[in-house]
Each structure stands twice: as C-alpha cells, then as structure tokens.
>>> print(open('input.cif').read())   # mmCIF, C-alpha atoms and all ligand atoms
data_structure
loop_
_atom_site.label_atom_id
_atom_site.label_comp_id
_atom_site.auth_asym_id
_atom_site.auth_seq_id
_atom_site.Cartn_x
_atom_site.Cartn_y
_atom_site.Cartn_z
CA MET A 22 -8.74 6.91 -22.95
CA LYS A 23 -8.75 10.70 -23.11
CA LYS A 24 -5.69 12.40 -24.56
CA ASN A 25 -4.10 15.01 -22.30
CA THR A 26 -5.05 13.09 -19.19
CA ILE A 27 -2.05 11.93 -17.19
CA ALA A 28 -0.92 8.33 -17.57
CA LEU A 29 2.06 8.46 -15.28
CA GLU A 30 3.36 10.86 -12.69
CA LEU A 31 6.55 10.50 -10.71
CA ASP A 32 6.85 13.03 -7.93
CA LYS A 33 10.28 13.40 -6.29
CA VAL A 34 10.97 9.68 -6.46
CA SER A 35 14.16 8.36 -4.85
CA PHE A 36 15.44 4.82 -4.77
CA SER A 37 18.53 3.06 -3.39
CA TYR A 38 19.75 -0.52 -3.57
CA GLY A 39 20.79 -0.91 0.07
CA CYS A 40 23.12 2.01 0.71
CA HIS A 41 23.71 2.64 -3.01
CA PRO A 42 21.52 5.56 -4.12
CA VAL A 43 20.43 5.26 -7.74
CA LEU A 44 17.54 7.66 -8.31
CA LYS A 45 17.20 10.95 -6.49
CA ASN A 46 14.21 13.24 -6.61
CA ILE A 47 12.99 12.13 -10.02
CA SER A 48 9.92 13.96 -11.28
CA LEU A 49 8.30 13.10 -14.57
CA THR A 50 4.82 13.46 -16.04
CA VAL A 51 3.68 11.46 -19.07
CA LYS A 52 0.36 12.10 -20.79
CA CYS A 53 -1.92 9.35 -22.08
CA GLY A 54 -0.84 8.32 -25.56
CA GLU A 55 2.55 9.99 -25.23
CA SER A 56 5.81 8.16 -26.07
CA VAL A 57 8.83 9.04 -23.98
CA GLY A 58 12.38 7.83 -24.52
CA ILE A 59 14.61 7.40 -21.47
CA THR A 60 18.31 7.75 -22.18
CA GLY A 61 21.43 8.17 -20.09
CA PRO A 62 24.80 6.57 -19.34
CA ASN A 63 25.26 3.00 -18.08
CA GLY A 64 24.21 2.68 -14.47
CA SER A 65 22.21 5.92 -14.42
CA GLY A 66 19.10 4.06 -13.25
CA LYS A 67 16.99 3.70 -16.41
CA SER A 68 16.06 0.05 -15.81
CA THR A 69 15.47 0.80 -12.14
CA LEU A 70 13.04 3.55 -13.13
CA LEU A 71 11.05 1.15 -15.34
CA LYS A 72 10.97 -1.46 -12.57
CA LEU A 73 9.57 1.15 -10.17
CA VAL A 74 6.83 2.03 -12.65
CA ALA A 75 6.12 -1.67 -13.29
CA GLY A 76 5.67 -2.12 -9.54
CA LEU A 77 8.59 -4.54 -9.19
CA LEU A 78 10.39 -2.12 -6.86
CA LYS A 79 9.01 0.36 -4.33
CA PRO A 80 10.35 3.92 -4.06
CA ASP A 81 12.15 4.90 -0.84
CA ALA A 82 10.65 8.37 -1.11
CA GLY A 83 8.26 10.22 -3.37
CA ASN A 84 5.13 9.05 -5.16
CA ILE A 85 4.27 7.26 -8.36
CA ARG A 86 0.79 7.70 -9.79
CA ILE A 87 -0.44 5.48 -12.61
CA PHE A 88 -3.64 6.50 -14.40
CA GLY A 89 -4.47 8.73 -11.46
CA ARG A 90 -3.95 6.05 -8.80
CA ASP A 91 -1.14 5.84 -6.27
CA SER A 92 0.99 2.93 -7.51
CA LYS A 93 0.65 1.25 -4.10
CA ASN A 94 -3.10 0.95 -4.75
CA PHE A 95 -2.88 0.29 -8.48
CA LYS A 96 -4.26 -3.18 -8.96
CA GLU A 97 -4.85 -3.26 -12.72
CA ARG A 98 -1.42 -4.61 -13.53
CA GLY A 99 -2.80 -6.09 -16.77
CA ARG A 100 -2.92 -2.51 -18.09
CA ILE A 101 0.87 -2.37 -17.93
CA GLY A 102 3.10 -4.27 -20.37
CA TYR A 103 6.71 -4.57 -19.24
CA VAL A 104 9.60 -6.27 -20.98
CA ALA A 105 12.92 -6.36 -19.14
CA GLN A 106 16.26 -5.71 -20.80
CA LYS A 107 17.11 -9.39 -20.92
CA VAL A 108 14.49 -12.06 -20.49
CA SER A 109 15.70 -15.29 -18.90
CA ILE A 110 16.58 -17.73 -21.61
CA ILE A 111 14.09 -20.56 -21.81
CA ASN A 112 15.69 -23.97 -22.12
CA SER A 113 15.19 -26.17 -25.16
CA GLY A 114 12.85 -28.61 -23.37
CA PHE A 115 10.19 -25.96 -22.66
CA PRO A 116 7.04 -27.23 -24.40
CA SER A 117 5.19 -24.00 -25.40
CA THR A 118 5.21 -22.65 -28.93
CA VAL A 119 5.84 -19.04 -29.86
CA GLU A 120 2.14 -18.58 -30.61
CA GLU A 121 1.11 -19.96 -27.20
CA ILE A 122 3.48 -17.60 -25.39
CA VAL A 123 2.18 -14.59 -27.29
CA LEU A 124 -1.45 -15.69 -26.83
CA SER A 125 -0.82 -15.86 -23.08
CA GLY A 126 -0.50 -12.06 -23.27
CA ARG A 127 -4.20 -11.97 -24.17
CA ILE A 128 -5.08 -13.99 -21.04
CA ALA A 129 -3.12 -11.63 -18.79
CA GLY A 130 -5.30 -8.70 -19.86
CA ARG A 131 -8.67 -10.44 -20.15
CA GLY A 132 -8.75 -13.22 -17.57
CA LEU A 133 -8.13 -16.92 -17.54
CA PHE A 134 -11.69 -18.07 -18.09
CA ARG A 135 -12.55 -16.16 -21.25
CA ALA A 136 -12.16 -18.25 -24.38
CA LEU A 137 -9.67 -16.89 -26.87
CA ASN A 138 -11.39 -15.79 -30.07
CA ARG A 139 -10.59 -14.70 -33.62
CA GLU A 140 -9.78 -11.18 -32.53
CA ASP A 141 -7.19 -12.52 -30.07
CA ARG A 142 -5.55 -14.51 -32.87
CA MET A 143 -5.55 -11.46 -35.12
CA ILE A 144 -3.92 -9.35 -32.39
CA VAL A 145 -1.32 -12.08 -31.86
CA SER A 146 -0.56 -12.16 -35.60
CA GLU A 147 -0.19 -8.40 -35.65
CA ALA A 148 2.19 -8.46 -32.65
CA LEU A 149 4.29 -11.22 -34.23
CA ALA A 150 4.45 -9.19 -37.46
CA VAL A 151 5.80 -6.13 -35.60
CA LEU A 152 8.68 -8.30 -34.44
CA GLY A 153 9.09 -10.14 -37.77
CA MET A 154 8.39 -13.46 -36.00
CA GLU A 155 5.33 -14.77 -37.89
CA LYS A 156 7.25 -17.63 -39.47
CA TYR A 157 8.28 -18.97 -36.06
CA ARG A 158 4.76 -19.11 -34.63
CA ARG A 159 4.62 -22.93 -34.50
CA GLU A 160 8.21 -23.34 -33.25
CA ALA A 161 8.96 -24.33 -29.66
CA ILE A 162 10.14 -21.20 -27.81
CA GLY A 163 13.06 -23.15 -26.34
CA SER A 164 14.45 -23.83 -29.82
CA LEU A 165 14.92 -20.10 -30.55
CA SER A 166 18.00 -17.95 -29.97
CA GLY A 167 18.15 -15.50 -27.04
CA GLY A 168 17.44 -12.53 -29.34
CA GLN A 169 14.47 -14.33 -30.92
CA GLN A 170 13.07 -15.24 -27.50
CA GLN A 171 13.35 -11.58 -26.49
CA LYS A 172 11.29 -10.67 -29.57
CA VAL A 173 8.63 -13.20 -28.57
CA PHE A 174 8.31 -11.60 -25.13
CA ILE A 175 8.02 -8.15 -26.67
CA ALA A 176 5.29 -9.54 -28.97
CA ARG A 177 3.53 -10.96 -25.89
CA ALA A 178 3.56 -7.53 -24.23
CA LEU A 179 2.21 -5.90 -27.41
CA ALA A 180 -0.52 -8.55 -27.72
CA SER A 181 -1.73 -7.76 -24.22
CA ARG A 182 -2.68 -4.30 -25.63
CA PRO A 183 -1.51 -2.52 -22.53
CA ASP A 184 -2.45 1.07 -21.81
CA LEU A 185 1.10 1.66 -20.62
CA LEU A 186 4.00 -0.14 -22.31
CA LEU A 187 7.46 -0.24 -20.69
CA LEU A 188 10.25 -1.46 -22.96
CA ASP A 189 13.83 -1.72 -21.69
CA GLU A 190 16.29 -1.65 -24.60
CA PRO A 191 13.99 -3.74 -26.81
CA THR A 192 16.31 -3.73 -29.81
CA ALA A 193 19.53 -4.61 -27.95
CA GLY A 194 19.69 -8.09 -29.49
CA MET A 195 18.24 -7.18 -32.90
CA ASP A 196 20.03 -6.88 -36.21
CA PRO A 197 19.81 -3.39 -37.82
CA GLU A 198 17.15 -4.42 -40.36
CA SER A 199 14.81 -5.87 -37.70
CA GLN A 200 15.45 -2.77 -35.57
CA ALA A 201 14.30 -0.27 -38.20
CA LYS A 202 11.23 -2.36 -39.08
CA PHE A 203 10.40 -2.82 -35.39
CA TYR A 204 10.43 0.90 -34.57
CA SER A 205 8.34 1.79 -37.58
CA LEU A 206 5.69 -0.89 -36.87
CA LEU A 207 5.79 -0.15 -33.12
CA LYS A 208 4.98 3.47 -33.83
CA GLU A 209 1.98 2.48 -35.96
CA LEU A 210 0.71 0.10 -33.30
CA ILE A 211 1.02 2.48 -30.36
CA GLN A 212 -0.62 5.31 -32.30
CA LYS A 213 -3.47 3.10 -33.49
CA ASN A 214 -4.16 1.84 -29.96
CA ALA A 215 -3.32 5.06 -28.04
CA ILE A 216 -0.70 3.23 -25.99
CA THR A 217 1.49 5.27 -23.66
CA LEU A 218 5.12 4.23 -24.09
CA LEU A 219 8.23 4.48 -21.92
CA LEU A 220 11.18 3.28 -23.94
CA VAL A 221 14.69 2.89 -22.53
CA SER A 222 17.43 3.03 -25.13
CA HIS A 223 21.00 4.20 -25.69
CA ASP A 224 20.25 4.76 -29.35
CA LEU A 225 18.82 8.25 -29.33
CA GLU A 226 18.74 8.48 -33.08
CA ALA A 227 16.90 5.19 -33.66
CA ILE A 228 14.16 5.95 -31.16
CA SER A 229 13.68 9.56 -32.25
CA SER A 230 11.25 8.33 -34.91
CA VAL A 231 9.06 6.68 -32.25
CA VAL A 232 9.13 8.95 -29.21
CA ASP A 233 7.60 12.38 -28.77
CA ARG A 234 10.41 13.44 -26.44
CA GLN A 235 13.36 12.06 -24.53
CA VAL A 236 14.13 12.26 -20.85
CA CYS A 237 17.72 12.00 -19.75
CA LEU A 238 18.82 10.39 -16.52
CA ASP A 239 22.03 12.19 -15.74
CA LYS A 240 23.96 11.67 -12.53
CA HIS A 241 20.86 9.99 -11.13
CA ILE A 242 18.75 13.08 -11.62
CA CYS A 243 16.18 13.46 -14.34
CA SER A 244 17.72 16.61 -15.69
CA CYS A 245 16.37 17.50 -19.07
CA CYS A 246 13.52 16.90 -21.43
CA TYR A 247 13.61 17.81 -25.08
CA ASN A 248 10.89 17.93 -27.63
CA PHE A 249 11.92 16.96 -31.13
CA ASP A 250 11.57 19.13 -34.15
CA GLU A 251 10.34 17.50 -37.37
CA ASN A 252 13.66 15.76 -38.01
CA GLY A 253 14.64 15.28 -34.40
CA ALA A 254 18.12 16.50 -35.30
CA PHE A 255 18.81 19.62 -33.24
CA GLU A 256 17.36 18.31 -30.02
CA TYR A 257 19.10 14.99 -30.46
CA GLU A 258 22.53 16.64 -30.68
CA THR A 259 21.84 18.87 -27.68
CA CYS A 260 20.62 15.96 -25.66
CA ARG A 261 23.55 13.74 -26.52
CA LYS A 262 26.11 16.37 -25.54
CA ARG A 263 24.33 17.02 -22.29
CA ILE A 264 24.45 13.33 -21.34
CA TRP A 265 27.86 12.26 -22.40
CA THR A 266 29.89 15.34 -21.54
CA ALA A 267 28.38 15.66 -18.06
N1 LIG B 301 19.46 -5.68 -8.03
C1 LIG B 301 20.40 -4.76 -7.81
N2 LIG B 301 21.09 -4.74 -6.65
C2 LIG B 301 22.02 -3.81 -6.39
N3 LIG B 301 22.38 -2.84 -7.26
C3 LIG B 301 21.74 -2.82 -8.44
C4 LIG B 301 20.74 -3.77 -8.79
N4 LIG B 301 20.28 -3.49 -10.02
C5 LIG B 301 20.98 -2.41 -10.44
N5 LIG B 301 21.86 -2.00 -9.50
C6 LIG B 301 22.76 -0.86 -9.60
O1 LIG B 301 21.96 0.31 -9.76
C7 LIG B 301 22.56 1.19 -10.69
C8 LIG B 301 21.55 1.49 -11.79
O2 LIG B 301 21.31 0.29 -12.52
P1 LIG B 301 20.30 0.26 -13.74
O3 LIG B 301 20.33 -1.11 -14.29
O4 LIG B 301 19.01 0.83 -13.34
O5 LIG B 301 21.02 1.29 -14.74
P2 LIG B 301 20.80 1.53 -16.30
O6 LIG B 301 20.81 3.00 -16.51
O7 LIG B 301 19.60 0.78 -16.77
O8 LIG B 301 22.13 0.88 -16.90
P3 LIG B 301 22.47 0.30 -18.37
O9 LIG B 301 22.40 1.44 -19.33
O10 LIG B 301 23.86 -0.23 -18.22
O11 LIG B 301 21.46 -0.78 -18.66
C9 LIG B 301 23.84 0.52 -11.17
O12 LIG B 301 24.91 1.07 -10.43
C10 LIG B 301 23.64 -0.94 -10.82
O13 LIG B 301 24.86 -1.56 -10.52
#
>>> encode(input="input.cif", output="structure tokens")
Amino acid sequence: MKKNTIALELDKVSFSYGCHPVLKNISLTVKCGESVGITGPNGSGKSTLLKLVAGLLKPDAGNIRIFGRDSKNFKERGRIGYVAQKVSIINSGFPSTVEEIVLSGRIAGRGLFRALNREDRMIVSEALAVLGMEKYRREAIGSLSGGQQQKVFIARALASRPDLLLLDEPTAGMDPESQAKFYSLLKELIQKNAITLLLVSHDLEAISSVVDRQVCLDKHICSCCYNFDENGAFEYETCRKRIWTA
C-alpha cells in the first residue's frame, strides 16, 4: 500500500447514544502506515470513535472513509483488525486452544476454504511472541485469566495482518514488563507490515514510543493533534495539560 495515501478520513462525524451526544463534529485524517494515539478523559468517546471506524456503530452525521471508500460501502472488513477494551471472558469449558483462536485470525483475512500453511503458522507464532504468549499456545483459552485472554485476542488481530488495526486500551490488563515488551514488538510489527494503527490509551508516555502523533478527544471534540519530537517529551507535556486541565 502506498505511503501518503489516506487510510482513514473522518469528516465532521457526530454520534449520540439516544439523546446523549458523545462525539461532535470530529474530523481526523490518518495516512497509510501512520500510527495515531487517541487520548482523552474517561467518557470522552474514544471507544465510541473506534467502534464507528470498525463499523459497529453508524455516525448520526458526517462521513467516514476507509481506504478511499465510504464506510457504508466498505465491505473488506477483513482488512480491519479491532480489539475492544474488554473482551468477553470465555468460560473454562470452551474447547479451543490459544493457537486455534489466533489461527482463526488468518481465516478471517483469507477465507474459510483456503488451507492454513506454514506461513500462517509462522505469522501466528510471531503474533503470540509480541504478546509473550507462546508458552500458552496449546492451553485451552478458557483456562486463562481475563488479561491473558485479552492478549490472545490482540494476537488474533495481529495475526490477521490487517491494513488498519484498532486497539482499545490494549495494555489495560498487562503487567508493566509485558506492557513495555508489547509496545516495542508492536512497533516493529506495524512498521514491517505497513499497518495503520489507531491506539486508544490513557498512558500517553507509554504509547509515545509507538505512535507518530496523538489526537485528543476533549469535551467530545477532537481538539488537538501533536507531533512528537525525538523524545516525545515536550509535546507529551503540552498534550497532557491540555486534556486534564480543560
Ligand atoms: N452502549 C452505550 N449506551 C449508552 N451510552 C454509552 C454506551 N457506550 C458508551 N456510552 C456513553 O458514551 C460516553 C463515551 O463512552 P466511551 O466508552 O466511548 O468513552 P471513553 O473515552 O472510551 O471512556 P474511557 O476512557 O472511560 O474508556 C460515556 O458517557 C458513556 O457512558
């Protein structure tokens, strides 16, 4: 996919849950291969924004274009990998193993009737490594903790090799060591595969190593975008003050 082409364009998007307005006039353009962090206070609409891009919700007003197509007509949903903030916990009787769940990400992108090959297994191993979950590959998913299950679903999304990856607070249930390793390996993976990333997080500092810039949802309006300098430090401070003192 060509760099500098547009992966995602939100044009004056508004959304309400019933009579509760959440997003108003949001405009945002993301280039192919770009990584954008979405930050903002609780309830500012970050998850809602990802759900709109994932096609799980429809905007009340405005347009969303994905890879040049109006989202209403965008049928290639396999090109989008989305992992919600909290996946539903799978109960202990569920028969699939971690490896099977992650492999199912390969089917989503390539179709049910294509046999899985060595490359698929290699991609699955790589995705499990990003999440530090290789040693659980033969375990039943239902026997894992909630945080571990979340990691498996992130690995599944990575294994699908999406063109656009939407991650909603992916490290919320991770210990600090897994978190640092995850962001560093995620960065490698998205750069290697030219994946466009939208990453929701409260931890501006942690994600500054992965994202090219951060977008702040502030009082329901996408109010500021900052590019990072080499260390990310100055822009991070500015951004944080703008969000939490507003
Ligand atoms: N299904 C729903 N029905 C009604 N209101 C909802 C629903 N989902 C979210 N909301 C409301 O929409 C607003 C935005 O929620 P959203 O989850 O998008 O915010 P957020 O920025 O992701 O929050 P957080 O940082 O706490 O995860 C909140 O006021 C929330 O209560």
>>> closest_atom_pairs(input="input.cif", of="chain A", to="ligand LIG 301 (chain B)", cutoff="7 Å", atoms="only C-alpha atoms and all ligand atoms", output="CSV")
residue,atom,partner,partner_atom,distance
A:Tyr38,CA,B:LIG301,C2,4.9
A:Val43,CA,B:LIG301,C7,5.5
A:Gly61,CA,B:LIG301,O6,6.3
A:Pro62,CA,B:LIG301,O9,5.7
A:Asn63,CA,B:LIG301,O9,3.5
A:Gly64,CA,B:LIG301,O5,3.5
A:Ser65,CA,B:LIG301,O6,3.9
A:Gly66,CA,B:LIG301,O4,3.2
A:Lys67,CA,B:LIG301,O6,3.9
A:Ser68,CA,B:LIG301,O7,3.7
A:Thr69,CA,B:LIG301,O4,3.7
A:Leu70,CA,B:LIG301,O4,6.6
>>> write_last_selection(input="input.cif", atoms="C-alpha atoms", output="short mmCIF file (atom, residue, chain, number, x, y, z; two decimals), in the coordinates of the input")
data_model
loop_
_atom_site.label_atom_id
_atom_site.label_comp_id
_atom_site.auth_asym_id
_atom_site.auth_seq_id
_atom_site.Cartn_x
_atom_site.Cartn_y
_atom_site.Cartn_z
CA TYR A 38 19.75 -0.52 -3.57
CA VAL A 43 20.43 5.26 -7.74
CA GLY A 61 21.43 8.17 -20.09
CA PRO A 62 24.80 6.57 -19.34
CA ASN A 63 25.26 3.00 -18.08
CA GLY A 64 24.21 2.68 -14.47
CA SER A 65 22.21 5.92 -14.42
CA GLY A 66 19.10 4.06 -13.25
CA LYS A 67 16.99 3.70 -16.41
CA SER A 68 16.06 0.05 -15.81
CA THR A 69 15.47 0.80 -12.14
CA LEU A 70 13.04 3.55 -13.13
#
>>> closest_residue(input="input.cif", among="A:Leu49, A:Thr118, A:Lys172, A:Val104", to="A:Asp196", atoms="all atoms listed in the file")
A:Lys172
>>> closest_residue(input="input.cif", among="A:Met154, A:Ala82, A:Ala178, A:Val34", to="A:Gly102", atoms="only C-alpha atoms")
A:Ala178
>>> atom_distance(input="input.cif", atom1="atom CA of A:Tyr157", atom2="atom CA of A:Asp224")
27.4 Å
>>> residues_around(input="input.cif", residues="stretch 206-216 of chain A", least_positions_apart="5", cutoff="7 Å", atoms="only C-alpha atoms", output="count of residues only")
7
>>> build_atoms(input="input.cif", residues="stretch 76-104 of chain A", atoms="N, CA and C atoms", output="PDB file, in the coordinates of the input")
ATOM      1  N   GLY A  76       6.088  -1.641 -10.854  1.00  0.00           N
ATOM      2  CA  GLY A  76       5.670  -2.120  -9.540  1.00  0.00           C
ATOM      3  C   GLY A  76       6.545  -3.244  -9.004  1.00  0.00           C
ATOM      4  N   LEU A  77       7.691  -3.474  -9.654  1.00  0.00           N
ATOM      5  CA  LEU A  77       8.590  -4.540  -9.190  1.00  0.00           C
ATOM      6  C   LEU A  77       9.476  -4.044  -8.044  1.00  0.00           C
ATOM      7  N   LEU A  78       9.641  -2.727  -7.963  1.00  0.00           N
ATOM      8  CA  LEU A  78      10.390  -2.120  -6.860  1.00  0.00           C
ATOM      9  C   LEU A  78       9.513  -1.029  -6.255  1.00  0.00           C
ATOM     10  N   LYS A  79       9.776  -0.713  -5.000  1.00  0.00           N
ATOM     11  CA  LYS A  79       9.010   0.360  -4.330  1.00  0.00           C
ATOM     12  C   LYS A  79       9.945   1.535  -4.074  1.00  0.00           C
ATOM     13  N   PRO A  80       9.478   2.756  -4.327  1.00  0.00           N
ATOM     14  CA  PRO A  80      10.350   3.920  -4.060  1.00  0.00           C
ATOM     15  C   PRO A  80      10.632   4.078  -2.568  1.00  0.00           C
ATOM     16  N   ASP A  81      11.828   4.596  -2.250  1.00  0.00           N
ATOM     17  CA  ASP A  81      12.150   4.900  -0.840  1.00  0.00           C
ATOM     18  C   ASP A  81      11.453   6.183  -0.419  1.00  0.00           C
ATOM     19  N   ALA A  82      11.324   7.093  -1.394  1.00  0.00           N
ATOM     20  CA  ALA A  82      10.650   8.370  -1.110  1.00  0.00           C
ATOM     21  C   ALA A  82       9.967   8.832  -2.380  1.00  0.00           C
ATOM     22  N   GLY A  83       8.992   9.705  -2.214  1.00  0.00           N
ATOM     23  CA  GLY A  83       8.260  10.220  -3.370  1.00  0.00           C
ATOM     24  C   GLY A  83       7.084   9.332  -3.738  1.00  0.00           C
ATOM     25  N   ASN A  84       6.346   9.773  -4.753  1.00  0.00           N
ATOM     26  CA  ASN A  84       5.130   9.050  -5.160  1.00  0.00           C
ATOM     27  C   ASN A  84       5.127   8.753  -6.639  1.00  0.00           C
ATOM     28  N   ILE A  85       4.509   7.611  -6.958  1.00  0.00           N
ATOM     29  CA  ILE A  85       4.270   7.260  -8.360  1.00  0.00           C
ATOM     30  C   ILE A  85       2.768   7.117  -8.526  1.00  0.00           C
ATOM     31  N   ARG A  86       2.223   7.835  -9.487  1.00  0.00           N
ATOM     32  CA  ARG A  86       0.790   7.700  -9.790  1.00  0.00           C
ATOM     33  C   ARG A  86       0.630   7.152 -11.190  1.00  0.00           C
ATOM     34  N   ILE A  87      -0.192   6.100 -11.314  1.00  0.00           N
ATOM     35  CA  ILE A  87      -0.440   5.480 -12.610  1.00  0.00           C
ATOM     36  C   ILE A  87      -1.927   5.605 -12.912  1.00  0.00           C
ATOM     37  N   PHE A  88      -2.244   6.221 -14.028  1.00  0.00           N
ATOM     38  CA  PHE A  88      -3.640   6.500 -14.400  1.00  0.00           C
ATOM     39  C   PHE A  88      -4.421   7.063 -13.206  1.00  0.00           C
ATOM     40  N   GLY A  89      -3.787   8.011 -12.541  1.00  0.00           N
ATOM     41  CA  GLY A  89      -4.470   8.730 -11.460  1.00  0.00           C
ATOM     42  C   GLY A  89      -4.471   8.038 -10.111  1.00  0.00           C
ATOM     43  N   ARG A  90      -3.951   6.822 -10.058  1.00  0.00           N
ATOM     44  CA  ARG A  90      -3.950   6.050  -8.800  1.00  0.00           C
ATOM     45  C   ARG A  90      -2.537   5.986  -8.231  1.00  0.00           C
ATOM     46  N   ASP A  91      -2.429   6.078  -6.916  1.00  0.00           N
ATOM     47  CA  ASP A  91      -1.140   5.840  -6.270  1.00  0.00           C
ATOM     48  C   ASP A  91      -0.699   4.423  -6.626  1.00  0.00           C
ATOM     49  N   SER A  92       0.558   4.258  -7.035  1.00  0.00           N
ATOM     50  CA  SER A  92       0.990   2.930  -7.510  1.00  0.00           C
ATOM     51  C   SER A  92       0.812   1.848  -6.446  1.00  0.00           C
ATOM     52  N   LYS A  93       0.829   2.256  -5.169  1.00  0.00           N
ATOM     53  CA  LYS A  93       0.650   1.250  -4.100  1.00  0.00           C
ATOM     54  C   LYS A  93      -0.761   0.637  -4.179  1.00  0.00           C
ATOM     55  N   ASN A  94      -1.708   1.444  -4.669  1.00  0.00           N
ATOM     56  CA  ASN A  94      -3.100   0.950  -4.750  1.00  0.00           C
ATOM     57  C   ASN A  94      -3.492   0.584  -6.174  1.00  0.00           C
ATOM     58  N   PHE A  95      -2.543   0.582  -7.082  1.00  0.00           N
ATOM     59  CA  PHE A  95      -2.880   0.290  -8.480  1.00  0.00           C
ATOM     60  C   PHE A  95      -2.905  -1.214  -8.694  1.00  0.00           C
ATOM     61  N   LYS A  96      -4.124  -1.719  -8.886  1.00  0.00           N
ATOM     62  CA  LYS A  96      -4.260  -3.180  -8.960  1.00  0.00           C
ATOM     63  C   LYS A  96      -4.359  -3.698 -10.387  1.00  0.00           C
ATOM     64  N   GLU A  97      -4.603  -2.787 -11.348  1.00  0.00           N
ATOM     65  CA  GLU A  97      -4.850  -3.260 -12.720  1.00  0.00           C
ATOM     66  C   GLU A  97      -3.545  -3.477 -13.461  1.00  0.00           C
ATOM     67  N   ARG A  98      -2.752  -4.403 -12.948  1.00  0.00           N
ATOM     68  CA  ARG A  98      -1.420  -4.610 -13.530  1.00  0.00           C
ATOM     69  C   ARG A  98      -1.481  -5.074 -14.974  1.00  0.00           C
ATOM     70  N   GLY A  99      -2.622  -5.671 -15.379  1.00  0.00           N
ATOM     71  CA  GLY A  99      -2.800  -6.090 -16.770  1.00  0.00           C
ATOM     72  C   GLY A  99      -2.787  -4.914 -17.737  1.00  0.00           C
ATOM     73  N   ARG A 100      -2.956  -3.692 -17.210  1.00  0.00           N
ATOM     74  CA  ARG A 100      -2.920  -2.510 -18.090  1.00  0.00           C
ATOM     75  C   ARG A 100      -1.485  -2.088 -18.394  1.00  0.00           C
ATOM     76  N   ILE A 101      -0.531  -2.733 -17.703  1.00  0.00           N
ATOM     77  CA  ILE A 101       0.870  -2.370 -17.930  1.00  0.00           C
ATOM     78  C   ILE A 101       1.586  -3.544 -18.609  1.00  0.00           C
ATOM     79  N   GLY A 102       2.258  -3.260 -19.718  1.00  0.00           N
ATOM     80  CA  GLY A 102       3.100  -4.270 -20.370  1.00  0.00           C
ATOM     81  C   GLY A 102       4.550  -3.916 -20.114  1.00  0.00           C
ATOM     82  N   TYR A 103       5.292  -4.855 -19.569  1.00  0.00           N
ATOM     83  CA  TYR A 103       6.710  -4.570 -19.240  1.00  0.00           C
ATOM     84  C   TYR A 103       7.589  -5.667 -19.807  1.00  0.00           C
ATOM     85  N   VAL A 104       8.621  -5.277 -20.522  1.00  0.00           N
ATOM     86  CA  VAL A 104       9.600  -6.270 -20.980  1.00  0.00           C
ATOM     87  C   VAL A 104      10.982  -5.817 -20.516  1.00  0.00           C
TER      88      VAL A 104
END
